[in-house]
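Working notes for the structure below.
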Amino acid sequence: MTGKHGRWEPMARRLILCALLVSVLFVLWGCEVGPKPSPPALIEPVTSDPTEAQLLAELKQKFENPQAHYQLARVYHKAQNWSKAEWYYSNALGFDPANRAAQAGQVKLFIDRGETAKAEQYASGYILQAARASVRETLRLGWEFKQLNLDDYTLRCFRQALDADPSSFEANKQIGFYYSEKNDTAKAKQYLLRSFELNPRQPEVAGALGKLGVVVELPPEPPGQVPAKPK
């Protein structure tokens with residue numbers, strides 16, 4: 001015959017086991033779905049120019065890649081390896097004759113190498129080629145010259161574009177910004193005002209004019225349209 005305490009012992013053990021099991025499950029559950037630490041703040045990835053080895057590998061896969069040739073030319077240009085830089089600029093233009101960045105880079109190479117007459121010859125040819133294509137292409141070439149601090153060729157391109165289309169707000173804007181950077185306030189105002197007259201929906205031009213002491217007003221946005229943010 002089992003006593004009162006004898007009957008409770010198995011039940012007590014079961015209760016203890018159940019309590020332990022629940023505790024373990026609770027701990028595990030807390031680890032799985034409990035509050036988690038906040039993720040670290042997102043960091044913008046740092047982009048860098050491709051290395052010589054990476055670019056050579058790209059060309060091994062696809063030799064007719066004009067951008068890879070151009071980037072490799074830049075690598076050798078910075079290292080003052082003139083012969084290799086010239087060869088890869090030429091390859092880039094061979095596969096893409098309208099590669100404005102490669103054209104400007106090649107002209108800069110000749111200047112850096114002391115071949116100013118050759119630089120002038122090639123630059124004049126590229127400016128003529130871009131002019132025959134469109135005003136937009138002429139401005140593109142001018143912008144590429146500007147990235148390399150080739151001011152004379154930059155201005156020649158912008159003026160060529162403006163001569164081809166005096167009503168181009170973009171050409172007026174680029175010349176205006178050029179003179180603004182050169183601290184030629186009078187000419188900067190002249191061209192930026194003309195650009196704004198041709199296209200008043202240019203917040204960046206309005207902002208530049210404001211810095212020059214000229215107050216202009218942007219036209220109201222059409223109903224239901226989100227206002228453009230200044231660049």
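Each chain in the structure tokens gets a letter, A, B and so on, in the order shown; residues start at 1 in every chain, and ligands are counted from 1 in the order they appear.
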
Quiz item: If we count only C-alpha atoms, what is near Gln160 of chain A at a cut-off of 9 Å, once residues fewer than 5 positions away on the same chain are taken out, given as a PyMOL selection string?
Solution: chain A and resi 127+131+135+138-139+155+165

Self-check item: Close residues, Gly125 of chain A itself excluded, 12 Å, only C-alpha atoms, min 5 positions apart in chain, as a PyMOL selection string
Solution: chain A and resi 97-98+103-104+107+118-120+130-132+138+141+153+157

Quiz item: Running DSSP on the backbone, which parts of segment 47-178 of chain A land in alpha helix (DSSP H), as a PyMOL selection string?
Solution: chain A and resi 52-61+66-78+82-95+100-112+116-133+135-147+151-164+169-178

Exercise. Point out the residue among A:Arg156, A:Lys146, A:Arg113, A:Lys187 with the least atom-to-atom distance to Trp82 of chain A, counting only C-alpha atoms.
Key: A:Arg113

List as CSV every residue of segment 74-144 of chain A that is in contact with segment 49-63 of chain A, defined as an atom at most 12 Å from one of its atoms (using only C-alpha atoms), together with the nearest atom pair and the distance in Å rounded to one decimal, sorted by chain and then rising number.
residue,atom,partner,partner_atom,distance
A:Arg74,CA,A:Asp49,CA,9.8
A:Val75,CA,A:Glu52,CA,6.8
A:Tyr76,CA,A:Glu52,CA,8.5
A:His77,CA,A:Glu52,CA,11.8
A:Lys78,CA,A:Glu52,CA,11.7
A:Ala79,CA,A:Glu52,CA,11.0
A:Lys84,CA,A:Glu52,CA,11.8
A:Ala85,CA,A:Glu52,CA,11.8
A:Tyr88,CA,A:Leu59,CA,11.1
A:Asn91,CA,A:Phe63,CA,9.6
A:Ala92,CA,A:Phe63,CA,10.2
A:Gly94,CA,A:Phe63,CA,11.7
A:Phe95,CA,A:Phe63,CA,9.7

So that I have them on file, write out the residues from the current selection with all heavy atoms, as a compact mmCIF listing (two decimals), in the first residue's frame.
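This went into part.txt:
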# COMPACT_ATOMS: atom_id res chain seq x y z
N ARG A 74 44.59 55.55 -67.92
CA ARG A 74 44.67 56.48 -66.79
C ARG A 74 45.68 55.99 -65.74
O ARG A 74 46.42 56.78 -65.15
CB ARG A 74 43.29 56.64 -66.14
CG ARG A 74 42.31 57.45 -66.95
CD ARG A 74 41.03 57.66 -66.17
NE ARG A 74 41.28 58.35 -64.91
CZ ARG A 74 40.43 58.37 -63.88
NH1 ARG A 74 39.29 57.70 -63.96
NH2 ARG A 74 40.72 59.03 -62.78
N VAL A 75 45.66 54.68 -65.50
CA VAL A 75 46.60 54.11 -64.53
C VAL A 75 48.03 54.40 -64.95
O VAL A 75 48.86 54.87 -64.15
CB VAL A 75 46.37 52.59 -64.39
CG1 VAL A 75 47.50 51.95 -63.57
CG2 VAL A 75 45.02 52.31 -63.73
N TYR A 76 48.33 54.14 -66.23
CA TYR A 76 49.69 54.36 -66.73
C TYR A 76 50.01 55.85 -66.85
O TYR A 76 51.16 56.26 -66.67
CB TYR A 76 49.88 53.65 -68.06
CG TYR A 76 49.86 52.14 -67.94
CD1 TYR A 76 49.00 51.37 -68.72
CD2 TYR A 76 50.70 51.49 -67.04
CE1 TYR A 76 48.98 49.99 -68.60
CE2 TYR A 76 50.68 50.12 -66.91
CZ TYR A 76 49.82 49.37 -67.70
OH TYR A 76 49.80 48.00 -67.56
N HIS A 77 48.99 56.65 -67.14
CA HIS A 77 49.17 58.10 -67.23
C HIS A 77 49.62 58.66 -65.88
O HIS A 77 50.58 59.43 -65.79
CB HIS A 77 47.87 58.75 -67.69
CG HIS A 77 48.01 60.18 -68.10
ND1 HIS A 77 47.08 60.82 -68.89
CD2 HIS A 77 48.95 61.12 -67.81
CE1 HIS A 77 47.45 62.08 -69.08
NE2 HIS A 77 48.59 62.28 -68.43
N LYS A 78 48.92 58.25 -64.82
CA LYS A 78 49.27 58.72 -63.48
C LYS A 78 50.67 58.27 -63.08
O LYS A 78 51.37 58.97 -62.34
CB LYS A 78 48.24 58.20 -62.46
CG LYS A 78 46.88 58.85 -62.59
CD LYS A 78 45.89 58.25 -61.59
CE LYS A 78 44.52 58.87 -61.74
NZ LYS A 78 43.52 58.25 -60.81
N ALA A 79 51.07 57.10 -63.56
CA ALA A 79 52.39 56.57 -63.25
C ALA A 79 53.46 57.13 -64.19
O ALA A 79 54.63 56.76 -64.07
CB ALA A 79 52.38 55.05 -63.33
N LYS A 84 52.81 53.32 -72.60
CA LYS A 84 51.66 52.45 -72.35
C LYS A 84 50.37 53.25 -72.26
O LYS A 84 49.32 52.81 -72.75
CB LYS A 84 51.88 51.65 -71.05
CG LYS A 84 52.82 50.48 -71.20
CD LYS A 84 52.80 49.59 -69.96
CE LYS A 84 53.64 48.35 -70.16
NZ LYS A 84 53.59 47.44 -68.98
N ALA A 85 50.43 54.42 -71.65
CA ALA A 85 49.24 55.25 -71.55
C ALA A 85 48.73 55.63 -72.93
O ALA A 85 47.53 55.53 -73.22
CB ALA A 85 49.54 56.51 -70.74
N TYR A 88 47.06 52.60 -74.69
CA TYR A 88 45.72 52.24 -74.21
C TYR A 88 44.68 53.33 -74.50
O TYR A 88 43.52 53.02 -74.75
CB TYR A 88 45.77 51.89 -72.72
CG TYR A 88 46.30 50.50 -72.47
CD1 TYR A 88 47.61 50.30 -72.02
CD2 TYR A 88 45.52 49.37 -72.73
CE1 TYR A 88 48.11 49.02 -71.82
CE2 TYR A 88 46.01 48.10 -72.53
CZ TYR A 88 47.30 47.92 -72.07
OH TYR A 88 47.79 46.64 -71.89
N ASN A 91 43.78 52.55 -78.00
CA ASN A 91 42.90 51.38 -78.06
C ASN A 91 41.47 51.76 -77.69
O ASN A 91 40.51 51.32 -78.34
CB ASN A 91 43.40 50.29 -77.11
CG ASN A 91 44.65 49.60 -77.64
OD1 ASN A 91 45.01 49.75 -78.80
ND2 ASN A 91 45.32 48.85 -76.78
N ALA A 92 41.31 52.54 -76.62
CA ALA A 92 39.98 52.96 -76.19
C ALA A 92 39.27 53.70 -77.31
O ALA A 92 38.08 53.46 -77.57
CB ALA A 92 40.09 53.85 -74.95
N GLY A 94 40.01 53.48 -80.48
CA GLY A 94 39.82 52.58 -81.61
C GLY A 94 38.51 51.81 -81.49
O GLY A 94 37.80 51.61 -82.49
N PHE A 95 38.16 51.41 -80.28
CA PHE A 95 36.91 50.68 -80.06
C PHE A 95 35.72 51.61 -79.86
O PHE A 95 34.58 51.20 -80.06
CB PHE A 95 37.06 49.75 -78.85
CG PHE A 95 37.99 48.59 -79.08
CD1 PHE A 95 39.16 48.47 -78.34
CD2 PHE A 95 37.71 47.63 -80.04
CE1 PHE A 95 40.03 47.40 -78.56
CE2 PHE A 95 38.56 46.57 -80.27
CZ PHE A 95 39.73 46.45 -79.53
